[in-house]
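Report on the following structure.
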Amino acid sequence: MSAFLEDLRWRGLIAQTTDEKALAGALEKPVTCYIGFDPTAPSIHVGNLVVLLVLRRFQLAGHIPIALVGGATGLVGDPSGRNEERTLNSSEIVKQWVDRIAVQVSAVLDFKAKLNPARVVNNLDWTQPLSTIEFLRDVGKHFSVNQMLSKDSVANRLEAGISYTEFSYQVLQAFDFLELYRRNQCTLQLGGSDQWGNIVAGLDLIRRVEGGSAHALTVPLLTKADGTKFGKTAGGSVWLDPEMTSPYAFFQYWLNSDDSDVINFLKVFSFKSRQEIEEIEKEHQENPGARNAHRSLARELTSLIHGGDTAVRVEEAARALFGQGDLSSLDEKTLASALSELPTVTLTVGHEIPTWVDLLAAAGVVESKSAARRIIKEGGAYLNNEKIAGEDFRLEKSHFLCGKYAILRKGKRDLAAVVFE
């Protein structure tokens, strides 16, 4: 096995390949490879990031990456992993999402590399010009319905029912591989392990139509150590779009990784070497409370997706919120992003500002006002990281950061925000 494939296997990034020995031989020279992303939302999420970063690894190894954003397949819907029909969106909405996802992909891949620049393509470009008759005659005739029914993505839906629209998805995806083989000499498709059947259909179509051969490599679907789905929080998916998941929340998602997951996440998402990760793992085992592995993961991924300056700002905000930095040094946008994740009490002009006790109880951080009073007596009550001395303490306008925000803290980690409007 090549050193590159060996590294992917060590990171847990290989689920299936068509012929690993033949693939290793092909990778001795630059190959063109692609991954497809369907615009089923305005943004891709951290689950999509797993395979997108594999494509980046191929580019760093000298290969030529293509990110396909499915303007056509996004109008149809992939049945894989679903128990019901996907809600179909309008052409206008899908086009908007295609454009947004193309920008997000551009943050991860290098489009200015001298020898192997990345490309973004849209499968609507070669699907839309075909008439239905042409598609059925030239592409559909190469597919056996019996084989299509045996694919897991279809077989798992037969009992509940599947429309012809979603049933035909694998034909469209196979056609994508054929077109990229023709147009770009693309000979490798990457994807999640749930896409194996669709990818193999593309290999077969290339063989039947062009008499050519190509390769496939799939990545395992990532789960947490406790078996729960990766990429979900109480608030829903963790998106790459900063308007859908703030950079602060994005940073905190990785920072709050479970101790049993963090090293595996470093292997999957980080571009640190095996030696670097093994050193971090040793340090983590010796002193897990320091959470250095978590910070390393959060910094690297936030820098990659949102930029290094943003990563620095949100980490400073995280430290400041918990009493380890200067709150007054935070800009309003970063502060607002950080506080949006906290329980919040909103105050309006013209009303008397309640006491610290009233505010903490109203935010739901404590179960009662008497509990809030007890915290003050025990010395665990803070406003903007300054200790509160008495239960009658009231906020004044001068306490509001950026003229609008104040931060209540109980003990070391329980926070709430006050927003003055």
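Labels used: A, B, ... for chains in the order of the structure tokens, numbers from 1 for residues in each chain, and numbers from 1 for ligands as shown.
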Review point. Near region 7-14 of chain A, within 7 Å and counting only C-alpha atoms, which residues show up once chain neighbours fewer than 6 positions away are dropped, as JSON, numbers by chain?
Key: {"A": [217, 218, 219, 220, 267, 268]}
Exercise for review: Can you pull out every residue within 8 Å of Gly390 (chain A), counting only C-alpha atoms, but drop anything in the same chain fewer than 3 positions away, and send it as a list in words?
Suggested key: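 Everything that qualifies: Ile376, Lys377 and Phe393 of chain A.
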Export N, CA, C and O atoms of the chosen residues as a JSON list (two decimals), in the first residue's frame?
```json
[["chain", "number", "residue", "atom", "x", "y", "z"],
["A", 376, "ILE", "N", -24.21, 34.33, 45.84],
["A", 376, "ILE", "CA", -23.53, 35.59, 46.17],
["A", 376, "ILE", "C", -22.81, 35.46, 47.52],
["A", 376, "ILE", "O", -21.64, 35.84, 47.66],
["A", 377, "LYS", "N", -23.48, 34.89, 48.51],
["A", 377, "LYS", "CA", -22.88, 34.72, 49.83],
["A", 377, "LYS", "C", -21.65, 33.82, 49.77],
["A", 377, "LYS", "O", -20.69, 34.00, 50.52],
["A", 393, "PHE", "N", -27.26, 44.28, 44.43],
["A", 393, "PHE", "CA", -26.50, 44.91, 43.34],
["A", 393, "PHE", "C", -27.34, 44.99, 42.07],
["A", 393, "PHE", "O", -27.95, 44.01, 41.65]]
```
Practice item. Based on DSSP run over this structure's backbone, return all residues of region 20-98 of chain A in alpha helix (DSSP H), as a ChimeraX atom specification. Key: /A:20-26,46-60,91-98
Check your understanding: With only C-alpha atoms as the basis for distance, which of A:Glu391, A:Glu166, A:Glu396, A:Glu378 is at the shortest distance from Thr87 (chain A)?
Key -> A:Glu166
Practice item. Would you list the contacts of region 352-368 of chain A as an MDAnalysis selection string, taking every protein, DNA or RNA residue within 12 Å and counting only C-alpha atoms, but skipping same-chain residues closer than 5 positions in sequence? Key: chainID A and resid 342:347 373:377 381:384 387:397 399:400 406:411 413:421
Could you make a table, as JSON lines, of the residues of region 225-283 of chain A that have an atom within 8 Å of an atom of region 321-338 of chain A, each with its nearest atom pair and distance in Å to one decimal, counting only C-alpha atoms, in chain and number order?
```
{"residue": "A:Ser246", "atom": "CA", "partner": "A:Ser337", "partner_atom": "CA", "distance": 6.1}
{"residue": "A:Pro247", "atom": "CA", "partner": "A:Ser337", "partner_atom": "CA", "distance": 7.5}
{"residue": "A:Tyr248", "atom": "CA", "partner": "A:Ala338", "partner_atom": "CA", "distance": 5.5}
{"residue": "A:Ala249", "atom": "CA", "partner": "A:Ala338", "partner_atom": "CA", "distance": 7.1}
```
Point to revise | Closest of A:Lys272, A:His45, A:Lys412, A:Arg119 to Arg319 (chain A) - atom-to-atom distances counting only C-alpha atoms | key: A:Lys412
Review point. Would you give me, as a PyMOL selection string, the residues in region 230-317 of chain A that DSSP reads as strand (DSSP E or B)?
Key: chain A and resi 232-233+236-237+239
Write to file, as a JSON list (two decimals), in the first residue's frame, the residues of the selection just made, with C-alpha atoms.
```
[["chain", "number", "residue", "atom", "x", "y", "z"],
["A", 232, "LYS", "CA", -25.60, 17.31, 15.62],
["A", 233, "THR", "CA", -26.22, 19.51, 18.66],
["A", 236, "GLY", "CA", -29.49, 21.04, 15.07],
["A", 237, "SER", "CA", -26.72, 20.61, 12.52],
["A", 239, "TRP", "CA", -23.09, 24.34, 9.50]]
```
Check your understanding: Contacts of Asn292 (chain A) at 10 Å or less, counting only C-alpha atoms, minus same-chain residues fewer than 6 places along, as a list in words?
Key -> Leu255, Ile280, Glu281, Glu283, His284 and Ala298 of chain A
For the residues in that selection, give me all heavy atoms as a PDB file, in the first residue's frame.
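Listing of out_15.pdb after writing:
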```pdb
ATOM      1  N   LEU A 255     -14.411  22.343  20.649  1.00  0.00           N
ATOM      2  CA  LEU A 255     -13.814  22.458  21.977  1.00  0.00           C
ATOM      3  C   LEU A 255     -14.534  21.558  22.981  1.00  0.00           C
ATOM      4  O   LEU A 255     -13.915  21.026  23.907  1.00  0.00           O
ATOM      5  CB  LEU A 255     -13.871  23.913  22.444  1.00  0.00           C
ATOM      6  CG  LEU A 255     -13.161  24.248  23.753  1.00  0.00           C
ATOM      7  CD1 LEU A 255     -11.656  24.029  23.621  1.00  0.00           C
ATOM      8  CD2 LEU A 255     -13.453  25.685  24.169  1.00  0.00           C
ATOM      9  N   ILE A 280       0.133  14.552  20.829  1.00  0.00           N
ATOM     10  CA  ILE A 280      -1.030  15.185  21.463  1.00  0.00           C
ATOM     11  C   ILE A 280      -1.819  14.143  22.249  1.00  0.00           C
ATOM     12  O   ILE A 280      -2.292  14.404  23.360  1.00  0.00           O
ATOM     13  CB  ILE A 280      -1.921  15.864  20.404  1.00  0.00           C
ATOM     14  CG1 ILE A 280      -1.197  17.065  19.794  1.00  0.00           C
ATOM     15  CG2 ILE A 280      -3.251  16.313  21.018  1.00  0.00           C
ATOM     16  CD1 ILE A 280      -1.920  17.682  18.614  1.00  0.00           C
ATOM     17  N   GLU A 281      -1.960  12.949  21.679  1.00  0.00           N
ATOM     18  CA  GLU A 281      -2.695  11.875  22.358  1.00  0.00           C
ATOM     19  C   GLU A 281      -2.021  11.499  23.677  1.00  0.00           C
ATOM     20  O   GLU A 281      -2.691  11.311  24.698  1.00  0.00           O
ATOM     21  CB  GLU A 281      -2.791  10.653  21.446  1.00  0.00           C
ATOM     22  CG  GLU A 281      -3.576   9.499  22.058  1.00  0.00           C
ATOM     23  CD  GLU A 281      -3.743   8.341  21.109  1.00  0.00           C
ATOM     24  OE1 GLU A 281      -2.991   8.274  20.114  1.00  0.00           O
ATOM     25  OE2 GLU A 281      -4.613   7.492  21.354  1.00  0.00           O
ATOM     26  N   GLU A 283      -0.098  13.378  25.536  1.00  0.00           N
ATOM     27  CA  GLU A 283      -0.313  14.494  26.462  1.00  0.00           C
ATOM     28  C   GLU A 283      -1.736  14.486  26.998  1.00  0.00           C
ATOM     29  O   GLU A 283      -1.983  14.740  28.186  1.00  0.00           O
ATOM     30  CB  GLU A 283      -0.024  15.810  25.735  1.00  0.00           C
ATOM     31  CG  GLU A 283      -0.149  17.041  26.609  1.00  0.00           C
ATOM     32  CD  GLU A 283       0.105  18.323  25.826  1.00  0.00           C
ATOM     33  OE1 GLU A 283       0.701  18.239  24.739  1.00  0.00           O
ATOM     34  OE2 GLU A 283      -0.300  19.389  26.298  1.00  0.00           O
ATOM     35  N   HIS A 284      -2.689  14.163  26.124  1.00  0.00           N
ATOM     36  CA  HIS A 284      -4.101  14.115  26.520  1.00  0.00           C
ATOM     37  C   HIS A 284      -4.338  13.016  27.549  1.00  0.00           C
ATOM     38  O   HIS A 284      -5.097  13.208  28.518  1.00  0.00           O
ATOM     39  CB  HIS A 284      -4.958  13.879  25.273  1.00  0.00           C
ATOM     40  CG  HIS A 284      -6.416  13.672  25.565  1.00  0.00           C
ATOM     41  ND1 HIS A 284      -7.219  14.659  26.089  1.00  0.00           N
ATOM     42  CD2 HIS A 284      -7.210  12.576  25.401  1.00  0.00           C
ATOM     43  CE1 HIS A 284      -8.444  14.185  26.231  1.00  0.00           C
ATOM     44  NE2 HIS A 284      -8.470  12.932  25.839  1.00  0.00           N
ATOM     45  N   ALA A 298     -10.110  22.606  17.768  1.00  0.00           N
ATOM     46  CA  ALA A 298     -10.992  23.757  17.539  1.00  0.00           C
ATOM     47  C   ALA A 298     -10.280  24.871  16.790  1.00  0.00           C
ATOM     48  O   ALA A 298     -10.843  25.484  15.876  1.00  0.00           O
ATOM     49  CB  ALA A 298     -11.534  24.264  18.876  1.00  0.00           C
TER      50      ALA A 298
END
```
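When CA of Asn256 (chain A) is paired with CA of Ser340 (chain A), their separation reads 16.8 Å.
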**Study point:** Among the residues A:Leu401, A:Ala290, A:Ala216, A:Leu115, the one that comes closest to Leu60 (chain A) [using only C-alpha atoms]
**Key:**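 When distances to Leu60 (chain A) are compared using only C-alpha atoms, the smallest one comes from A:Leu115.
You will find CA of Leu188 (chain A) at 26.1 Å from CA of Leu301 (chain A).
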Review point. Of the candidates A:Val51, A:Leu75, A:Ala293, A:Leu109, which shows the shortest atom-to-atom distance to Pro39 (chain A), using only C-alpha atoms?
Key: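 Answer, going by the shortest atom-to-atom distance: A:Leu75.
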Enumerate, in order of chain and increasing residue number, the residues of region 174-274 of chain A with an atom no farther than 10 Å from region 141-146 of chain A, each with its shortest atom pair and distance in Å to one decimal, counting only C-alpha atoms, as a Markdown table.
```
| residue | atom | partner | partner_atom | distance |
| --- | --- | --- | --- | --- |
| A:Ala174 | CA | A:Phe143 | CA | 10.0 |
| A:Ala201 | CA | A:Phe143 | CA | 8.3 |
| A:Asp204 | CA | A:His142 | CA | 8.8 |
| A:Leu205 | CA | A:His142 | CA | 6.8 |
| A:Arg208 | CA | A:His142 | CA | 7.2 |
| A:Val209 | CA | A:His142 | CA | 8.2 |
```
Saved selection, atoms kept: all heavy atoms, as a PDB file, in the first residue's frame:
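Okay, again_13.pdb is ready:
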```
ATOM      1  N   ALA A 174     -24.195   8.205 -11.693  1.00  0.00           N
ATOM      2  CA  ALA A 174     -23.300   7.440 -12.562  1.00  0.00           C
ATOM      3  C   ALA A 174     -22.966   8.245 -13.822  1.00  0.00           C
ATOM      4  O   ALA A 174     -21.827   8.236 -14.307  1.00  0.00           O
ATOM      5  CB  ALA A 174     -23.961   6.115 -12.935  1.00  0.00           C
ATOM      6  N   ALA A 201     -21.996   2.049  -9.724  1.00  0.00           N
ATOM      7  CA  ALA A 201     -22.811   2.168 -10.940  1.00  0.00           C
ATOM      8  C   ALA A 201     -22.101   3.046 -11.967  1.00  0.00           C
ATOM      9  O   ALA A 201     -22.156   2.791 -13.176  1.00  0.00           O
ATOM     10  CB  ALA A 201     -24.184   2.745 -10.598  1.00  0.00           C
ATOM     11  N   ASP A 204     -19.295   1.075 -13.647  1.00  0.00           N
ATOM     12  CA  ASP A 204     -19.845   0.161 -14.642  1.00  0.00           C
ATOM     13  C   ASP A 204     -20.258   0.906 -15.910  1.00  0.00           C
ATOM     14  O   ASP A 204     -20.062   0.425 -17.031  1.00  0.00           O
ATOM     15  CB  ASP A 204     -21.051  -0.579 -14.043  1.00  0.00           C
ATOM     16  CG  ASP A 204     -21.536  -1.714 -14.932  1.00  0.00           C
ATOM     17  OD1 ASP A 204     -20.697  -2.554 -15.324  1.00  0.00           O
ATOM     18  OD2 ASP A 204     -22.743  -1.746 -15.237  1.00  0.00           O
ATOM     19  N   LEU A 205     -20.800   2.112 -15.754  1.00  0.00           N
ATOM     20  CA  LEU A 205     -21.214   2.901 -16.916  1.00  0.00           C
ATOM     21  C   LEU A 205     -19.999   3.319 -17.740  1.00  0.00           C
ATOM     22  O   LEU A 205     -20.043   3.284 -18.978  1.00  0.00           O
ATOM     23  CB  LEU A 205     -22.003   4.128 -16.449  1.00  0.00           C
ATOM     24  CG  LEU A 205     -22.609   4.995 -17.551  1.00  0.00           C
ATOM     25  CD1 LEU A 205     -23.609   4.198 -18.389  1.00  0.00           C
ATOM     26  CD2 LEU A 205     -23.277   6.242 -16.949  1.00  0.00           C
ATOM     27  N   ARG A 208     -18.962   0.297 -19.744  1.00  0.00           N
ATOM     28  CA  ARG A 208     -19.888  -0.053 -20.818  1.00  0.00           C
ATOM     29  C   ARG A 208     -19.838   0.950 -21.982  1.00  0.00           C
ATOM     30  O   ARG A 208     -19.882   0.559 -23.149  1.00  0.00           O
ATOM     31  CB  ARG A 208     -21.325  -0.123 -20.282  1.00  0.00           C
ATOM     32  CG  ARG A 208     -21.593  -1.315 -19.369  1.00  0.00           C
ATOM     33  CD  ARG A 208     -22.994  -1.219 -18.776  1.00  0.00           C
ATOM     34  NE  ARG A 208     -23.292  -2.353 -17.915  1.00  0.00           N
ATOM     35  CZ  ARG A 208     -23.819  -3.504 -18.351  1.00  0.00           C
ATOM     36  NH1 ARG A 208     -24.119  -3.648 -19.646  1.00  0.00           N
ATOM     37  NH2 ARG A 208     -24.066  -4.495 -17.529  1.00  0.00           N
ATOM     38  N   VAL A 209     -19.770   2.240 -21.653  1.00  0.00           N
ATOM     39  CA  VAL A 209     -19.871   3.271 -22.684  1.00  0.00           C
ATOM     40  C   VAL A 209     -18.517   3.578 -23.319  1.00  0.00           C
ATOM     41  O   VAL A 209     -18.406   3.709 -24.543  1.00  0.00           O
ATOM     42  CB  VAL A 209     -20.486   4.559 -22.096  1.00  0.00           C
ATOM     43  CG1 VAL A 209     -20.479   5.676 -23.133  1.00  0.00           C
ATOM     44  CG2 VAL A 209     -21.909   4.291 -21.610  1.00  0.00           C
TER      45      VAL A 209
END
```
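For Gly140 (chain A), the non-local neighbours within 10 Å, defined as residues at least 5 positions apart in the same chain or in other chains and counting only C-alpha atoms, are A:Thr132, A:Ile133, A:Glu134, A:Phe135, A:Val145, A:Ser168, A:Val171, A:Leu172, A:Phe175, A:Leu205.
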Point to revise | Of the listed residues A:Phe250, A:Ala214, A:Ser91, A:Pro129, that which approaches Glu20 (chain A) most closely, counting only C-alpha atoms | key: A:Ala214
